[in-house]
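Visitor: Sharing final_11.txt (compact mmCIF, C-alpha atoms) below.
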# COMPACT_ATOMS: atom_id res chain seq x y z
CA MET A 1064 -5.39 -70.25 -17.78
CA PHE A 1065 -4.40 -68.60 -14.46
CA GLU A 1066 -0.73 -69.34 -15.18
CA ASN A 1067 0.32 -66.12 -13.46
CA VAL A 1068 -1.39 -67.04 -10.16
CA LEU A 1069 1.02 -69.20 -8.20
CA PHE A 1070 0.33 -71.81 -5.50
CA GLN A 1071 -3.44 -71.35 -5.12
CA LYS A 1072 -5.78 -74.33 -5.58
CA SER A 1073 -8.79 -72.05 -6.01
CA THR A 1074 -7.68 -71.30 -9.57
CA SER A 1075 -8.23 -74.96 -10.47
CA LEU A 1076 -11.78 -74.74 -9.10
CA LEU A 1077 -12.39 -71.58 -11.09
CA ALA A 1078 -11.06 -73.16 -14.28
CA GLN A 1079 -13.32 -76.17 -13.75
CA ASP A 1080 -16.37 -73.98 -13.15
CA LEU A 1081 -15.58 -72.03 -16.31
CA LYS A 1082 -15.20 -75.22 -18.33
CA ASN A 1083 -18.51 -76.58 -17.04
CA LYS A 1084 -20.23 -73.19 -17.41
CA ARG A 1085 -21.09 -73.13 -13.73
CA LEU A 1086 -19.51 -69.80 -12.84
CA PRO A 1087 -22.03 -67.71 -10.86
CA GLY A 1088 -22.66 -64.02 -11.43
CA SER A 1089 -21.40 -63.00 -8.00
CA ILE A 1090 -18.14 -64.23 -6.49
CA LEU A 1091 -16.14 -63.60 -3.30
CA PHE A 1092 -12.39 -64.22 -3.14
CA TYR A 1093 -11.43 -64.59 0.51
CA GLY A 1094 -7.93 -64.89 1.95
CA PRO A 1095 -5.00 -63.07 3.58
CA GLU A 1096 -3.17 -60.13 2.06
CA GLY A 1097 -0.71 -61.07 -0.64
CA SER A 1098 -2.42 -64.37 -1.46
CA GLY A 1099 -3.24 -63.50 -5.08
CA LYS A 1100 -6.94 -62.64 -4.81
CA PHE A 1101 -6.78 -59.45 -6.85
CA THR A 1102 -4.48 -60.98 -9.48
CA THR A 1103 -6.95 -63.84 -9.88
CA ALA A 1104 -9.85 -61.39 -10.22
CA LEU A 1105 -8.01 -59.56 -13.01
CA GLU A 1106 -7.13 -62.80 -14.74
CA LEU A 1107 -10.70 -64.09 -14.52
CA SER A 1108 -11.97 -60.89 -16.13
CA ARG A 1109 -9.52 -61.43 -19.01
CA VAL A 1110 -10.49 -65.06 -19.49
CA LEU A 1111 -14.21 -64.21 -19.60
CA SER A 1112 -13.64 -61.79 -22.51
CA CYS A 1113 -11.02 -63.83 -24.38
CA ASN A 1114 -11.72 -64.39 -28.09
CA GLY A 1115 -8.67 -66.53 -28.79
CA LYS A 1116 -8.54 -70.05 -30.17
CA ILE A 1117 -7.35 -71.41 -26.83
CA LYS A 1118 -9.61 -69.52 -24.43
CA GLY A 1119 -7.78 -68.06 -21.47
CA ASP A 1120 -4.20 -68.78 -22.59
CA TRP A 1121 -1.91 -66.12 -21.08
CA ASN A 1122 -0.07 -65.68 -24.38
CA CYS A 1123 -3.30 -65.04 -26.31
CA THR A 1124 -3.00 -62.01 -28.59
CA CYS A 1125 -6.68 -61.38 -29.27
CA SER A 1126 -7.62 -57.70 -28.95
CA SER A 1127 -9.61 -58.33 -25.78
CA CYS A 1128 -6.74 -60.09 -23.99
CA LEU A 1129 -4.27 -57.37 -24.98
CA LYS A 1130 -6.54 -54.72 -23.49
CA HIS A 1131 -7.09 -56.71 -20.31
CA LYS A 1132 -3.39 -57.40 -19.83
CA ALA A 1133 -2.72 -53.68 -20.16
CA LEU A 1134 -5.74 -52.97 -17.86
CA VAL A 1135 -7.43 -50.68 -20.37
CA SER A 1136 -10.49 -52.79 -21.23
CA GLN A 1137 -13.85 -51.01 -21.29
CA ASN A 1138 -15.43 -54.20 -19.92
CA LEU A 1139 -13.52 -53.98 -16.63
CA LEU A 1140 -14.29 -51.65 -13.74
CA ILE A 1141 -12.28 -51.66 -10.51
CA THR A 1142 -13.24 -49.99 -7.26
CA GLY A 1143 -12.58 -50.33 -3.56
CA THR A 1144 -9.83 -49.11 -1.28
CA SER A 1145 -6.30 -50.41 -1.73
CA ASN A 1146 -2.66 -49.60 -1.01
CA ARG A 1147 -0.88 -49.68 -4.38
CA THR A 1148 2.02 -47.25 -4.09
CA LEU A 1149 4.41 -49.80 -2.58
CA GLU A 1150 3.80 -52.22 -5.46
CA ILE A 1151 4.36 -49.34 -7.90
CA ALA A 1152 7.68 -48.53 -6.22
CA ALA A 1153 8.79 -52.18 -6.41
CA ALA A 1154 7.68 -52.45 -10.04
CA LYS A 1155 9.60 -49.28 -10.88
CA ASP A 1156 12.77 -50.73 -9.35
CA THR A 1157 12.26 -53.93 -11.33
CA PHE A 1158 11.73 -52.02 -14.58
CA LEU A 1159 14.84 -49.89 -14.12
CA ASN A 1160 16.97 -52.85 -13.12
CA GLN A 1161 15.94 -54.84 -16.19
CA TYR A 1162 16.46 -51.77 -18.37
CA TYR A 1163 19.99 -50.98 -17.12
CA ASN A 1164 21.04 -54.63 -17.40
CA ASN A 1165 19.21 -55.12 -20.72
CA THR A 1166 17.80 -58.48 -19.60
CA ARG A 1167 15.29 -60.78 -21.26
CA HIS A 1168 12.77 -59.70 -18.61
CA LEU A 1169 12.65 -56.09 -19.83
CA GLU A 1170 9.30 -56.32 -21.63
CA ALA A 1171 7.76 -58.29 -18.77
CA SER A 1172 8.95 -55.63 -16.32
CA ARG A 1173 7.46 -52.92 -18.56
CA TYR A 1174 4.07 -54.69 -18.33
CA LEU A 1175 4.55 -55.11 -14.59
CA PHE A 1176 5.02 -51.37 -14.09
CA LEU A 1177 2.14 -50.39 -16.38
CA ARG A 1178 -0.22 -52.82 -14.64
CA SER A 1179 0.87 -51.75 -11.15
CA VAL A 1180 0.04 -48.13 -11.99
CA ARG A 1181 -3.27 -48.95 -13.64
CA LYS A 1182 -4.33 -51.10 -10.69
CA LEU A 1183 -4.51 -47.75 -8.92
CA THR A 1184 -5.62 -45.38 -11.69
CA ALA A 1185 -8.46 -47.70 -12.77
CA ARG A 1186 -10.20 -46.74 -9.51
CA PHE A 1187 -10.43 -43.18 -10.79
CA ALA A 1188 -12.51 -43.96 -13.87
CA PRO A 1189 -14.86 -40.98 -14.42
CA VAL A 1190 -17.91 -43.26 -14.43
CA LEU A 1191 -17.26 -44.04 -10.76
CA TRP A 1192 -16.81 -40.43 -9.69
CA GLU A 1193 -19.58 -38.79 -11.67
CA GLY A 1194 -21.20 -36.00 -9.66
CA GLU A 1195 -18.35 -35.70 -7.13
CA ASP A 1196 -16.23 -32.60 -6.54
CA LYS A 1197 -13.07 -34.70 -6.33
CA LEU A 1198 -13.36 -35.57 -10.03
CA SER A 1199 -12.28 -32.11 -11.16
CA LYS A 1200 -9.47 -32.05 -8.59
CA PHE A 1201 -7.76 -35.31 -9.53
CA SER A 1202 -8.45 -35.16 -13.27
CA PRO A 1203 -5.28 -33.11 -14.03
CA VAL A 1204 -3.18 -35.65 -12.10
CA MET A 1205 -4.78 -38.52 -13.99
CA ALA A 1206 -4.25 -36.77 -17.32
CA ASP A 1207 -0.56 -36.30 -16.55
CA ILE A 1208 -0.15 -39.97 -15.59
CA ASP A 1209 -1.98 -41.19 -18.71
CA GLU A 1210 0.11 -38.94 -20.94
CA LYS A 1211 3.35 -40.30 -19.51
CA LEU A 1212 2.16 -43.92 -19.61
CA GLU A 1213 1.65 -43.50 -23.37
CA LEU A 1214 5.43 -43.15 -23.65
CA LEU A 1215 5.84 -46.58 -22.02
CA ASN A 1216 3.24 -48.60 -23.91
CA PRO A 1217 4.44 -51.96 -25.31
CA GLY A 1218 5.93 -51.52 -28.76
CA THR A 1219 7.16 -47.98 -28.15
CA LYS A 1220 10.87 -47.21 -27.96
CA LEU A 1221 11.90 -46.51 -24.40
CA PRO A 1222 13.53 -43.16 -23.56
CA GLU A 1223 17.21 -42.88 -22.63
CA ALA A 1224 18.17 -43.89 -19.09
CA LYS A 1225 18.09 -40.44 -17.46
CA GLU A 1226 14.81 -39.50 -19.10
CA LEU A 1227 13.23 -42.87 -18.28
CA THR A 1228 14.19 -42.59 -14.61
CA ALA A 1229 12.71 -39.08 -14.39
CA LEU A 1230 9.57 -40.26 -16.17
CA LEU A 1231 9.04 -43.17 -13.76
CA ASP A 1232 9.75 -40.97 -10.74
CA ASN A 1233 7.12 -38.48 -11.89
CA ILE A 1234 4.51 -41.20 -12.43
CA GLN A 1235 5.27 -42.68 -9.00
CA SER A 1236 4.95 -39.26 -7.33
CA ASN A 1237 1.59 -38.62 -8.99
CA CYS A 1238 0.33 -42.06 -7.96
CA GLU A 1239 1.27 -41.37 -4.35
CA LYS A 1240 -0.70 -38.12 -4.56
CA LEU A 1241 -3.73 -39.92 -6.00
CA GLU A 1242 -3.75 -42.60 -3.33
CA SER A 1243 -3.08 -40.36 -0.32
CA SER A 1244 -5.26 -37.39 -1.29
CA PHE A 1245 -8.24 -38.79 -3.19
CA LEU A 1246 -8.80 -42.51 -2.73
CA TYR A 1247 -11.57 -43.36 -0.28
CA ASP A 1248 -10.71 -45.63 2.62
CA SER A 1249 -14.32 -46.78 2.78
CA LEU A 1250 -16.28 -47.34 -0.44
CA PRO A 1251 -19.09 -44.73 -0.57
CA VAL A 1252 -22.65 -45.37 -1.72
CA SER A 1253 -22.22 -42.90 -4.60
CA GLN A 1254 -19.77 -45.26 -6.31
CA ILE A 1255 -22.12 -48.22 -5.84
CA ARG A 1256 -24.87 -46.26 -7.61
CA ASN A 1257 -22.52 -45.13 -10.37
CA PHE A 1258 -21.21 -48.60 -11.19
CA SER A 1259 -24.77 -49.94 -11.03
CA SER A 1260 -25.62 -47.66 -13.96
CA TRP A 1261 -22.49 -48.88 -15.79
CA ALA A 1262 -23.39 -52.51 -15.15
CA HIS A 1263 -26.83 -52.10 -16.73
CA LEU A 1264 -25.39 -50.78 -20.00
CA SER A 1265 -25.22 -53.45 -22.69
CA SER A 1266 -21.87 -54.74 -23.95
CA ASP A 1267 -21.07 -55.85 -27.49
CA SER A 1268 -17.93 -57.79 -26.58
CA GLY A 1269 -18.04 -60.41 -23.85
CA LYS A 1270 -18.75 -60.30 -20.15
CA LYS A 1271 -18.44 -57.11 -18.14
CA VAL A 1272 -16.62 -57.53 -14.84
CA LEU A 1273 -16.81 -55.33 -11.76
CA ILE A 1274 -14.12 -55.91 -9.11
CA ILE A 1275 -14.63 -54.54 -5.59
CA GLU A 1276 -11.37 -54.92 -3.68
CA ASN A 1277 -11.52 -54.99 0.13
CA ALA A 1278 -15.30 -55.27 0.01
CA ASP A 1279 -15.45 -55.36 3.81
CA LYS A 1280 -14.53 -51.65 3.83
CA MET A 1281 -17.86 -50.08 2.90
CA GLN A 1282 -20.17 -47.56 4.43
CA ASP A 1283 -23.44 -49.08 5.69
CA SER A 1284 -25.44 -47.36 2.98
CA ALA A 1285 -23.04 -48.78 0.37
CA ARG A 1286 -23.49 -52.33 1.72
CA ASN A 1287 -27.25 -52.03 1.43
CA ALA A 1288 -27.02 -50.60 -2.08
CA LEU A 1289 -24.70 -53.43 -3.16
CA LEU A 1290 -27.08 -56.00 -1.69
CA LYS A 1291 -29.92 -54.67 -3.85
CA ILE A 1292 -27.77 -55.08 -6.99
CA LEU A 1293 -26.78 -58.63 -6.07
CA GLU A 1294 -30.42 -59.55 -5.48
CA GLU A 1295 -31.23 -58.68 -9.10
CA PRO A 1296 -27.88 -58.72 -10.95
CA PRO A 1297 -27.73 -57.43 -14.55
CA GLU A 1298 -27.18 -59.96 -17.32
CA ASP A 1299 -23.67 -60.47 -18.71
CA VAL A 1300 -22.06 -58.88 -15.64
CA ILE A 1301 -19.82 -60.70 -13.16
CA PHE A 1302 -19.31 -59.20 -9.71
CA ILE A 1303 -16.03 -60.15 -7.99
CA LEU A 1304 -15.56 -59.10 -4.38
CA THR A 1305 -12.31 -59.61 -2.48
CA THR A 1306 -11.66 -59.48 1.25
CA ALA A 1307 -9.19 -60.56 3.91
CA HIS A 1308 -11.96 -60.40 6.53
CA ARG A 1309 -14.87 -62.59 5.51
CA THR A 1310 -16.67 -62.11 8.84
CA SER A 1311 -16.93 -58.38 8.09
CA ILE A 1312 -19.10 -59.02 5.02
CA LEU A 1313 -22.86 -58.82 5.62
CA PRO A 1314 -24.39 -62.32 5.93
CA THR A 1315 -27.03 -61.31 3.39
CA ILE A 1316 -24.27 -60.48 0.89
CA LEU A 1317 -22.42 -63.73 1.68
CA SER A 1318 -25.60 -65.66 0.90
CA ARG A 1319 -25.58 -64.24 -2.63
CA VAL A 1320 -21.98 -64.95 -3.59
CA ARG A 1321 -19.92 -68.10 -4.14
CA THR A 1322 -16.77 -68.05 -2.04
CA TYR A 1323 -13.37 -69.19 -3.33
CA SER A 1324 -10.79 -69.46 -0.55
CA PHE A 1325 -7.18 -68.35 -0.89
CA PHE A 1326 -4.60 -69.58 1.59
CA GLN A 1327 -1.42 -68.14 3.00
CA ARG A 1328 1.45 -69.37 0.86
CA SER A 1329 4.44 -70.96 2.57
CA LEU A 1330 7.54 -68.80 3.05
CA GLU A 1331 9.31 -70.69 0.26
CA GLN A 1332 6.36 -70.16 -2.06
CA GLN A 1333 6.25 -66.45 -1.25
CA LYS A 1334 9.95 -66.15 -2.00
CA ASN A 1335 9.27 -67.84 -5.32
CA VAL A 1336 6.52 -65.32 -6.08
CA ILE A 1337 8.82 -62.37 -5.27
CA ASP A 1338 11.59 -63.74 -7.48
CA ARG A 1339 9.30 -64.61 -10.36
CA ILE A 1340 7.32 -61.37 -10.45
CA PHE A 1341 9.94 -58.83 -9.42
CA HIS A 1342 13.04 -60.77 -10.55
CA TYR A 1343 14.32 -59.80 -7.15
CA THR A 1344 17.29 -62.08 -6.47
CA GLY A 1345 20.44 -60.00 -6.22
CA ALA A 1346 18.87 -57.08 -8.04
CA PHE A 1347 18.04 -54.55 -5.35
CA GLY A 1348 20.94 -54.74 -2.93
CA LYS A 1349 18.56 -55.79 -0.15
CA THR A 1350 18.42 -58.77 2.13
CA ASP A 1351 15.90 -61.56 1.61
CA PHE A 1352 12.39 -61.04 2.89
CA PRO A 1353 10.28 -63.81 4.46
CA THR A 1354 6.95 -62.67 3.00
CA ILE A 1355 5.52 -60.68 0.09
CA THR A 1356 4.24 -58.09 2.57
CA ASP A 1357 7.72 -57.67 4.07
CA PHE A 1358 9.17 -57.22 0.59
CA LEU A 1359 6.67 -54.51 -0.36
CA GLN A 1360 7.00 -52.77 3.00
CA SER A 1361 10.73 -52.42 2.38
CA TYR A 1362 9.67 -49.63 0.00
CA LEU A 1363 8.09 -47.58 2.76
CA PRO A 1364 9.76 -44.18 3.21
CA VAL A 1365 10.07 -45.05 6.92
CA GLN A 1366 10.89 -48.62 7.85
CA LYS A 1367 8.42 -50.71 9.82
CA GLU A 1368 10.85 -51.12 12.73
CA VAL A 1369 10.98 -47.34 13.19
CA ILE A 1370 7.19 -47.09 13.07
CA TYR A 1371 6.77 -49.88 15.62
CA GLY A 1372 9.45 -48.34 17.85
CA ASN A 1373 7.55 -45.05 17.93
CA ALA A 1374 4.30 -46.88 18.66
CA LYS A 1375 5.92 -48.72 21.56
CA LYS A 1376 7.22 -45.49 23.11
CA TYR A 1377 3.83 -43.81 22.58
CA PHE A 1378 2.02 -46.59 24.46
CA HIS A 1379 4.64 -46.79 27.22
CA ASP A 1380 4.41 -43.02 27.80
CA ILE A 1381 0.65 -43.38 28.25
CA ALA A 1382 1.16 -46.32 30.61
CA ASP A 1383 3.52 -44.14 32.68
CA GLY A 1384 0.99 -41.32 32.82
CA LYS A 1385 2.94 -39.07 30.44
CA VAL A 1386 1.46 -37.27 27.43
CA PRO A 1387 3.23 -38.55 24.27
CA GLU A 1388 5.03 -35.98 22.11
CA CYS A 1389 2.72 -36.45 19.14
CA GLU A 1390 4.37 -33.79 16.99
CA SER A 1391 7.69 -35.60 17.30
CA VAL A 1392 6.02 -38.94 16.54
CA VAL A 1393 4.49 -37.60 13.34
CA LYS A 1394 7.84 -36.25 12.13
CA SER A 1395 9.65 -39.50 12.98
CA CYS A 1396 7.03 -41.43 11.02
CA GLY A 1397 7.35 -39.41 7.81
CA ASN A 1398 4.19 -37.39 8.45
CA PHE A 1399 2.30 -40.65 7.89
CA SER A 1400 2.56 -40.40 4.13
CA PRO A 1401 1.52 -42.77 2.63
CA LYS A 1402 -1.43 -43.56 4.89
CA VAL A 1403 -0.26 -47.12 5.39
CA LEU A 1404 2.36 -45.72 7.80
CA PHE A 1405 -0.42 -44.58 10.14
CA ARG A 1406 -2.03 -47.99 9.95
CA LEU A 1407 1.29 -49.64 10.83
CA PHE A 1408 1.68 -47.25 13.78
CA LEU A 1409 -1.71 -48.27 15.13
CA GLU A 1410 -0.82 -51.93 14.56
CA GLY A 1411 2.25 -51.32 16.73
CA ILE A 1412 0.06 -50.02 19.56
CA ILE A 1413 -2.23 -53.03 19.19
CA GLU A 1414 0.78 -55.33 19.54
CA GLU A 1415 1.86 -53.54 22.71
CA GLN A 1416 -1.50 -53.89 24.43
CA LYS A 1417 -2.11 -57.53 23.45
CA LYS A 1418 -0.86 -58.86 26.79
CA LEU A 1419 -3.76 -57.12 28.52
CA THR A 1420 -6.04 -59.95 27.40
CA SER A 1421 -4.03 -62.47 29.41
CA PHE A 1422 -5.59 -61.44 32.74
CA ALA A 1423 -9.11 -60.51 33.76
CA ALA A 1424 -8.39 -56.94 34.89
CA GLY A 1425 -6.83 -56.10 31.54
CA SER A 1426 -9.41 -57.63 29.20
CA GLU A 1427 -11.98 -54.85 29.52
CA SER A 1428 -9.35 -52.12 29.12
CA SER A 1429 -8.00 -53.92 26.04
CA PHE A 1430 -11.48 -54.00 24.51
CA LEU A 1431 -11.94 -50.28 25.16
CA ALA A 1432 -8.45 -49.48 23.84
CA LEU A 1433 -9.05 -51.37 20.59
CA ARG A 1434 -12.28 -49.47 20.09
CA GLU A 1435 -10.48 -46.14 20.51
CA ILE A 1436 -7.73 -47.25 18.11
CA GLN A 1437 -10.37 -48.09 15.49
CA ASN A 1438 -11.99 -44.68 16.05
CA CYS A 1439 -8.58 -43.07 15.62
CA TRP A 1440 -8.08 -44.81 12.27
CA ASN A 1441 -11.53 -43.71 11.11
CA ASN A 1442 -10.82 -40.12 12.15
CA PHE A 1443 -7.59 -40.16 10.15
CA SER A 1444 -8.59 -42.14 7.06
CA VAL A 1445 -12.30 -41.42 6.65
CA TYR A 1446 -12.77 -37.98 8.21
CA ASN A 1447 -9.33 -36.64 7.18
CA GLN A 1448 -8.19 -35.60 10.64
CA ASN A 1449 -4.44 -34.92 10.53
CA GLY A 1450 -2.12 -37.42 12.14
CA GLN A 1451 -1.06 -35.26 15.09
CA SER A 1452 -4.61 -34.36 16.08
CA ALA A 1453 -5.74 -37.97 15.73
CA LEU A 1454 -2.92 -39.22 17.97
CA GLU A 1455 -3.48 -36.49 20.55
CA MET A 1456 -7.14 -37.47 20.81
CA LEU A 1457 -6.22 -41.15 21.01
CA ALA A 1458 -3.67 -40.42 23.76
CA ARG A 1459 -6.29 -38.61 25.86
CA ASN A 1460 -8.76 -41.45 25.47
CA LEU A 1461 -6.20 -44.16 26.25
CA MET A 1462 -4.97 -42.26 29.30
CA GLN A 1463 -8.56 -42.04 30.54
CA ILE A 1464 -9.01 -45.81 30.10
CA ASN A 1465 -5.74 -46.44 31.92
CA HIS A 1466 -6.76 -44.12 34.76
CA ASN A 1467 -10.23 -45.67 35.10
CA HIS A 1468 -8.64 -49.12 35.38
CA CYS A 1469 -6.08 -48.20 38.02
CA GLY A 1470 -3.09 -47.90 35.71
CA VAL A 1471 -3.49 -51.40 34.25
CA PHE A 1472 -1.35 -50.55 31.19
CA ARG A 1473 1.71 -50.57 33.45
CA GLU A 1474 1.24 -54.30 33.95
CA VAL A 1475 2.24 -55.01 30.34
CA THR A 1476 5.03 -52.43 29.97
CA LYS A 1477 7.18 -53.35 32.96
Can I see the file as structure tokens?

Guide:
Amino acid sequence: MFENVLFQKSTSLLAQDLKNKRLPGSILFYGPEGSGKFTTALELSRVLSCNGKIKGDWNCTCSSCLKHKALVSQNLLITGTSNRTLEIAAAKDTFLNQYYNNTRHLEASRYLFLRSVRKLTARFAPVLWEGEDKLSKFSPVMADIDEKLELLNPGTKLPEAKELTALLDNIQSNCEKLESSFLYDSLPVSQIRNFSSWAHLSSDSGKKVLIIENADKMQDSARNALLKILEEPPEDVIFILTTAHRTSILPTILSRVRTYSFFQRSLEQQKNVIDRIFHYTGAFGKTDFPTITDFLQSYLPVQKEVIYGNAKKYFHDIADGKVPECESVVKSCGNFSPKVLFRLFLEGIIEEQKKLTSFAAGSESSFLALREIQNCWNNFSVYNQNGQSALEMLARNLMQINHNHCGVFREVTK
């Protein structure tokens, strides 16, 4: 049980609660990115529906476990914002490497790729999007992905090398389109209402599990709607919320969930995770990476160093009273596709202005700057403002803050 979650003590607590039948109906997994929260949530959903002789064994071949491992179980619903395209790219590399070298990890890498894709596509289950215009727009993309995944299902003969590579490239491209064009950055109330209806439907085979990833990223109306469900949860349904920012969860929601903490793994442990999951060592022609996040970010179309370099110049131009060349920034940053590139750019600006908090005159301007950066992210990710317009607006607002505080930004860019 939980054999595929490495170096997290919370799995032992979960296993004990399952054994003693003390698992509550609402759970929060809290911890930093890359700490295994989502993997644990998926594994818990499998264990709860397992019909095998040894309940929860990873090698169980009962029909329920097979469906859960392939992420096609009708008893599992996944929602919430997430960045999955980098994991899909890494899983694709792993799959192709194991295929070309005909290694003993080939079948495991096939599962890895299938699961990485379905971690994204599961968020587009029709039950979640009922009544929304986007459903008809992304349905053809989903149908194409599902059709191609059928060719990769365990037990099927894999295509020849050239055909397999083209097939995986096509799936990856469609996944990038799904994530960048249709996935909400903030969970809307409509999806809360839709999965509430799903949760109240009876199940003939085990517990139903609803996973809300990044539960801190919700609209206010969605938070209130979720709270009402947690106050009177349906029978035979387990709610699993995950977050890296526990303080952003409503206190009233926190009071209705049991929290399991996940901790940052050591660098050695993270290297072990990368090697074990992606069979990375010597396979990709890349240097070692200190963290799981660094490894996945190596699959960005524009490297993090380039993004941060552009962010530094953008902030320094503002500090010098110059209007940044936003069109050039957007081009240098790959048009901010996928969206995570824009988030990294804003993180770079945040890093540049951090020194403002070290002296009294800069603290207020830092507070105001961070607020404008958050507004910029919302404009881009929630209200679909294009990257250039969002950065031009941010530049104007930051220049106004700098002017009102007597050019204080210059103090940290000298």

Visitor: Report, in Å with one decimal, the straight-line distance from atom CA of Asp1120 of chain A to atom CA of Thr1102 of chain A.

Guide: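 Taking atom CA of Asp1120 of chain A as the start and atom CA of Thr1102 of chain A as the end point, the length is 15.3 Å.
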
Visitor: Neighbouring residues of segment 1083-1094 of chain A were defined as those with any atom within 7 Å, considering all atoms listed in the file; residues of the same chain fewer than 3 positions away were excluded. Please report them as a list in words.

Guide: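 Here the answer would be Gln1079, Asp1080, Ser1098, Lys1100, Val1300, Ile1301, Phe1302, Ile1303, Leu1304, Thr1305, Thr1306, Ala1307, Arg1309, Arg1319, Val1320, Arg1321, Thr1322, Tyr1323, Ser1324, Phe1325 and Phe1326 of chain A.
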
Visitor: Any idea what's packed within 7 Å of segment 1377-1382 of chain A, counting all atoms listed in the file, ignoring anything in its chain fewer than 3 positions away? Could you give it as a list in words?

Guide: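 The residues that qualify are Asn1373, Ala1374, Lys1385, Val1386, Pro1387, Ile1412, Ala1458, Met1462, Gly1470, Phe1472, Arg1473 and Thr1476 of chain A.
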
Visitor: Quick one: residues within 9 Å of Ile1316 of chain A, only C-alpha atoms counted, chain neighbours fewer than 3 positions away excluded, as a PyMOL selection string?

Guide: chain A and resi 1286-1287+1289-1290+1293-1294+1312-1313+1319-1320

Visitor: How big is the axis-aligned box around all listed atoms of segment 1402-1413 of chain A once 3 Å goes on each side, and where's its centre, in Å to one decimal, as AutoDock Vina command-line options?

Guide:
--center_x 0.1 --center_y -48.3 --center_z 12.2 --size_x 10.6 --size_y 15.5 --size_z 20.7

Visitor: Neighbouring residues of Thr1219 of chain A were defined as those with any atom within 12 Å, considering only C-alpha atoms; residues of the same chain fewer than 4 positions away were excluded. Please report them as an MDAnalysis selection string.

Guide: chainID A and resid 1170 1173 1212:1215

Visitor: Pick out the closest residue to Ile1208 of chain A from this set: A:Ser1075, A:Ser1400, A:Ser1259, A:Asn1233. Count all atoms listed in the file.

Guide: A:Asn1233

Visitor: Skip segment 1434-1447 of chain A itself and residues of its chain fewer than 2 positions away, then list as a VMD selection string all residues within 10 Å of it, counting all atoms listed in the file.

Guide: chain A and resid 1243 to 1244 1246 to 1249 1402 to 1403 1405 to 1406 1409 to 1410 1412 to 1413 1428 to 1432 1449 to 1458 1460 to 1461 1464

Visitor: What would the list of residues within 10 Å of (-6.1, -55.2, -18.7) (file frame) look like as a tab-separated table (two decimals) with C-alpha atoms, in the coordinates of the input, if all atoms listed in the file are what count?

Guide:
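Output below, filename point-v4.tsv:
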chain	number	residue	atom	x	y	z
A	1105	LEU	CA	-8.01	-59.56	-13.01
A	1106	GLU	CA	-7.13	-62.80	-14.74
A	1108	SER	CA	-11.97	-60.89	-16.13
A	1109	ARG	CA	-9.52	-61.43	-19.01
A	1127	SER	CA	-9.61	-58.33	-25.78
A	1128	CYS	CA	-6.74	-60.09	-23.99
A	1129	LEU	CA	-4.27	-57.37	-24.98
A	1130	LYS	CA	-6.54	-54.72	-23.49
A	1131	HIS	CA	-7.09	-56.71	-20.31
A	1132	LYS	CA	-3.39	-57.40	-19.83
A	1133	ALA	CA	-2.72	-53.68	-20.16
A	1134	LEU	CA	-5.74	-52.97	-17.86
A	1135	VAL	CA	-7.43	-50.68	-20.37
A	1136	SER	CA	-10.49	-52.79	-21.23
A	1137	GLN	CA	-13.85	-51.01	-21.29
A	1138	ASN	CA	-15.43	-54.20	-19.92
A	1139	LEU	CA	-13.52	-53.98	-16.63
A	1177	LEU	CA	2.14	-50.39	-16.38
A	1178	ARG	CA	-0.22	-52.82	-14.64
A	1181	ARG	CA	-3.27	-48.95	-13.64
A	1182	LYS	CA	-4.33	-51.10	-10.69
A	1185	ALA	CA	-8.46	-47.70	-12.77

Visitor: How many Å lie between atom CA of Ser1145 of chain A and atom CA of Ala1278 of chain A, rounded to one decimal?

Guide: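 Result for atom CA of Ser1145 of chain A versus atom CA of Ala1278 of chain A: 10.4 Å, one decimal.
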
Visitor: Identify which of the residues A:Ser1284, A:Gln1071, A:Asn1122, A:Ser1361 lies closest to Gly1097 of chain A, counting all atoms listed in the file when measuring atom-to-atom distances.

Guide: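 Checking each of A:Ser1284, A:Gln1071, A:Asn1122, A:Ser1361 against Gly1097 of chain A, counting all atoms listed in the file, the winner is A:Gln1071.
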
Visitor: Please indicate the distance in Å from atom CA of Thr1356 of chain A to atom CA of Ile1340 of chain A, rounded to one decimal place.

Guide: 13.8 Å

Visitor: Taking only C-alpha atoms into account, which of A:Gly1269, A:Gly1372, A:Pro1251, A:Gly1099 comes nearest Ile1355 of chain A?

Guide: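 For Ile1355 of chain A, the nearest of the given residues is A:Gly1099.
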